[in-house]
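Student: My structure is stored as structure.cif, with mmCIF, C-alpha atoms and all ligand atoms; chains and numbers go by the auth columns.
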```cif
data_upload
#
loop_
_atom_site.group_PDB
_atom_site.id
_atom_site.type_symbol
_atom_site.label_atom_id
_atom_site.label_comp_id
_atom_site.label_asym_id
_atom_site.label_seq_id
_atom_site.Cartn_x
_atom_site.Cartn_y
_atom_site.Cartn_z
_atom_site.B_iso_or_equiv
_atom_site.auth_seq_id
_atom_site.auth_asym_id
ATOM 1 C CA MET A 1 -12.456 19.155 9.404 0.00 26 A
ATOM 2 C CA ALA A 2 -12.252 16.814 12.373 0.00 27 A
ATOM 3 C CA GLU A 3 -10.474 13.506 12.054 0.00 28 A
ATOM 4 C CA ILE A 4 -12.597 10.428 12.417 0.00 29 A
ATOM 5 C CA ILE A 5 -11.112 8.268 15.142 0.00 30 A
ATOM 6 C CA ARG A 6 -11.913 4.597 15.469 0.00 31 A
ATOM 7 C CA MET A 7 -10.734 1.816 17.740 0.00 32 A
ATOM 8 C CA CYS A 8 -8.781 -1.244 16.651 0.00 33 A
ATOM 9 C CA ILE A 9 -10.406 -4.452 17.966 0.00 34 A
ATOM 10 C CA GLY A 10 -6.947 -5.953 18.495 0.00 35 A
ATOM 11 C CA CYS A 11 -4.971 -3.500 20.615 0.00 36 A
ATOM 12 C CA ARG A 12 -7.918 -1.211 21.376 0.00 37 A
ATOM 13 C CA GLY A 13 -5.751 1.676 20.260 0.00 38 A
ATOM 14 C CA ARG A 14 -7.446 4.659 18.670 0.00 39 A
ATOM 15 C CA PHE A 15 -6.419 5.714 15.197 0.00 40 A
ATOM 16 C CA ASN A 16 -7.457 7.936 12.348 0.00 41 A
ATOM 17 C CA GLN A 17 -10.070 5.933 10.455 0.00 42 A
ATOM 18 C CA LYS A 18 -8.026 6.281 7.258 0.00 43 A
ATOM 19 C CA LEU A 19 -5.174 4.295 8.787 0.00 44 A
ATOM 20 C CA LEU A 20 -7.341 1.345 9.728 0.00 45 A
ATOM 21 C CA ASN A 21 -8.479 -1.704 7.789 0.00 46 A
ATOM 22 C CA ARG A 22 -12.236 -2.027 7.853 0.00 47 A
ATOM 23 C CA PHE A 23 -14.044 -5.347 7.692 0.00 48 A
ATOM 24 C CA LYS A 24 -17.320 -6.995 8.406 0.00 49 A
ATOM 25 C CA CYS A 25 -18.494 -10.479 9.270 0.00 50 A
ATOM 26 C CA GLU A 26 -20.637 -12.006 6.601 0.00 51 A
ATOM 27 C CA LYS A 27 -22.089 -15.472 7.005 0.00 52 A
ATOM 28 C CA SER A 28 -19.045 -17.705 7.423 0.00 53 A
ATOM 29 C CA LYS A 29 -16.265 -15.337 6.489 0.00 54 A
ATOM 30 C CA VAL A 30 -14.653 -11.982 7.053 0.00 55 A
ATOM 31 C CA ILE A 31 -14.931 -9.607 4.125 0.00 56 A
ATOM 32 C CA SER A 32 -13.868 -6.089 3.297 0.00 57 A
ATOM 33 C CA TYR A 33 -16.469 -3.613 4.501 0.00 58 A
ATOM 34 C CA ASN A 34 -19.024 -3.043 1.754 0.00 59 A
ATOM 35 C CA GLY A 35 -20.983 -0.178 3.232 0.00 60 A
ATOM 36 C CA PHE A 36 -23.702 -2.268 4.820 0.00 61 A
ATOM 37 C CA GLY A 37 -24.216 -3.427 8.361 0.00 62 A
ATOM 38 C CA ARG A 38 -21.824 -3.483 11.267 0.00 63 A
ATOM 39 C CA SER A 39 -18.102 -3.214 10.680 0.00 64 A
ATOM 40 C CA PHE A 40 -14.939 -3.361 12.728 0.00 65 A
ATOM 41 C CA TYR A 41 -11.439 -1.976 12.405 0.00 66 A
ATOM 42 C CA ILE A 42 -7.992 -3.493 12.657 0.00 67 A
ATOM 43 C CA CYS A 43 -4.737 -1.514 12.691 0.00 68 A
ATOM 44 C CA GLU A 44 -1.716 -2.308 10.507 0.00 69 A
ATOM 45 C CA LYS A 45 0.169 -3.886 13.391 0.00 70 A
ATOM 46 C CA CYS A 46 -2.644 -6.110 14.664 0.00 71 A
ATOM 47 C CA ILE A 47 -3.537 -7.401 11.234 0.00 72 A
ATOM 48 C CA LYS A 48 -0.194 -9.228 11.166 0.00 73 A
ATOM 49 C CA ASP A 49 -0.779 -10.706 14.594 0.00 74 A
ATOM 50 C CA LYS A 50 -2.117 -14.278 14.710 0.00 75 A
ATOM 51 C CA ASN A 51 -3.938 -13.477 17.949 0.00 76 A
ATOM 52 C CA ILE A 52 -6.266 -11.206 16.031 0.00 77 A
ATOM 53 C CA ASP A 53 -8.253 -14.274 15.011 0.00 78 A
ATOM 54 C CA LYS A 54 -9.655 -14.698 18.529 0.00 79 A
ATOM 55 C CA LYS A 55 -10.702 -11.066 18.633 0.00 80 A
ATOM 56 C CA ILE A 56 -12.515 -11.479 15.342 0.00 81 A
ATOM 57 C CA PHE A 57 -14.287 -14.609 16.572 0.00 82 A
ATOM 58 C CA ARG A 58 -15.567 -12.539 19.483 0.00 83 A
ATOM 59 C CA VAL A 59 -16.618 -9.562 17.375 0.00 84 A
ATOM 60 C CA CYS A 60 -18.396 -11.805 14.876 0.00 85 A
ATOM 61 C CA LYS A 61 -19.810 -14.006 17.665 0.00 86 A
ATOM 62 C CA ASN A 62 -18.696 -16.988 15.601 0.00 87 A
ATOM 63 C CA ASN A 63 -15.614 -19.038 16.419 0.00 88 A
ATOM 64 C CA LYS A 64 -15.751 -20.897 13.122 0.00 89 A
ATOM 65 C CA ILE A 65 -15.638 -17.834 10.917 0.00 90 A
ATOM 66 C CA ASP A 66 -13.073 -17.981 8.110 0.00 91 A
ATOM 67 C CA VAL A 67 -10.480 -15.300 8.837 0.00 92 A
ATOM 68 C CA THR A 68 -8.076 -16.298 6.057 0.00 93 A
ATOM 69 C CA THR A 69 -9.824 -13.806 3.793 0.00 94 A
ATOM 70 C CA LEU A 70 -8.590 -11.068 6.111 0.00 95 A
ATOM 71 C CA ARG A 71 -4.975 -11.594 5.115 0.00 96 A
ATOM 72 C CA GLU A 72 -5.864 -12.016 1.469 0.00 97 A
ATOM 73 C CA ILE A 73 -7.646 -8.674 1.467 0.00 98 A
ATOM 74 C CA VAL A 74 -4.658 -6.829 2.890 0.00 99 A
ATOM 75 C CA ASN A 75 -2.105 -8.900 0.958 0.00 100 A
ATOM 76 C CA ILE A 76 -0.091 -10.394 3.790 0.00 101 A
HETATM 77 ZN ZN ZN B . -4.341 -2.695 16.758 0.00 201 B
#
```
Please express the file's structure as structure tokens.
Ligand SMILES: [Zn+2]

Tutor:
Amino acid sequence: MAEIIRMCIGCRGRFNQKLLNRFKCEKSKVISYNGFGRSFYICEKCIKDKNIDKKIFRVCKNNKIDVTTLREIVNI
């Protein structure tokens, strides 16, 4: 079975989907992907990087989105 490869929005590196954290933008916050709509991926390294916030603002097309949930979800 072929691996599913997805790109991290932070470093743009390509990883096995299983190694990535998957999220989506919903209204005013970032939530864990729930199976509906568009999602995006962040690798383990980038999720600890403060600069990831800007990348998320761009992906979500919303520079006021609450990204604090991101770190709560992954327990950082
Ligand atoms: Zn990354």

Student: Neighbours of A:Lys54 within 9 Å (all atoms listed in the file; same-chain residues fewer than 3 positions away dropped), as a ChimeraX atom specification?

Tutor: /A:49-51,89-95

Student: What does the distance between atom CA of A:Asn76 and atom CA of A:Lys43 come to in Å, to one decimal place?

Tutor: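 Those two atoms sit 22.8 Å apart.
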
Student: Of the candidates A:Lys86, A:Phe48, A:Gly35, A:Ser57, which one gets nearest to A:Lys73 if we count all atoms listed in the file?

Tutor: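 Of all the options, A:Gly35 lies closest to A:Lys73.
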
Student: Translate the PyMOL selection byres (((not hetatm)) within 8 of (chain B and resi 201)) into a concrete residue list for this structure, as a ChimeraX atom specification.

Tutor: /A:32-38,67-72

Student: Excluding same-chain residues fewer than 6 positions from A:Asn88, what lies within 9 Å of it counting all atoms listed in the file, as a list in words?

Tutor: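 Listing them by chain and then by number gives Asp78, Lys79, Ile81 and Phe82 of chain A.
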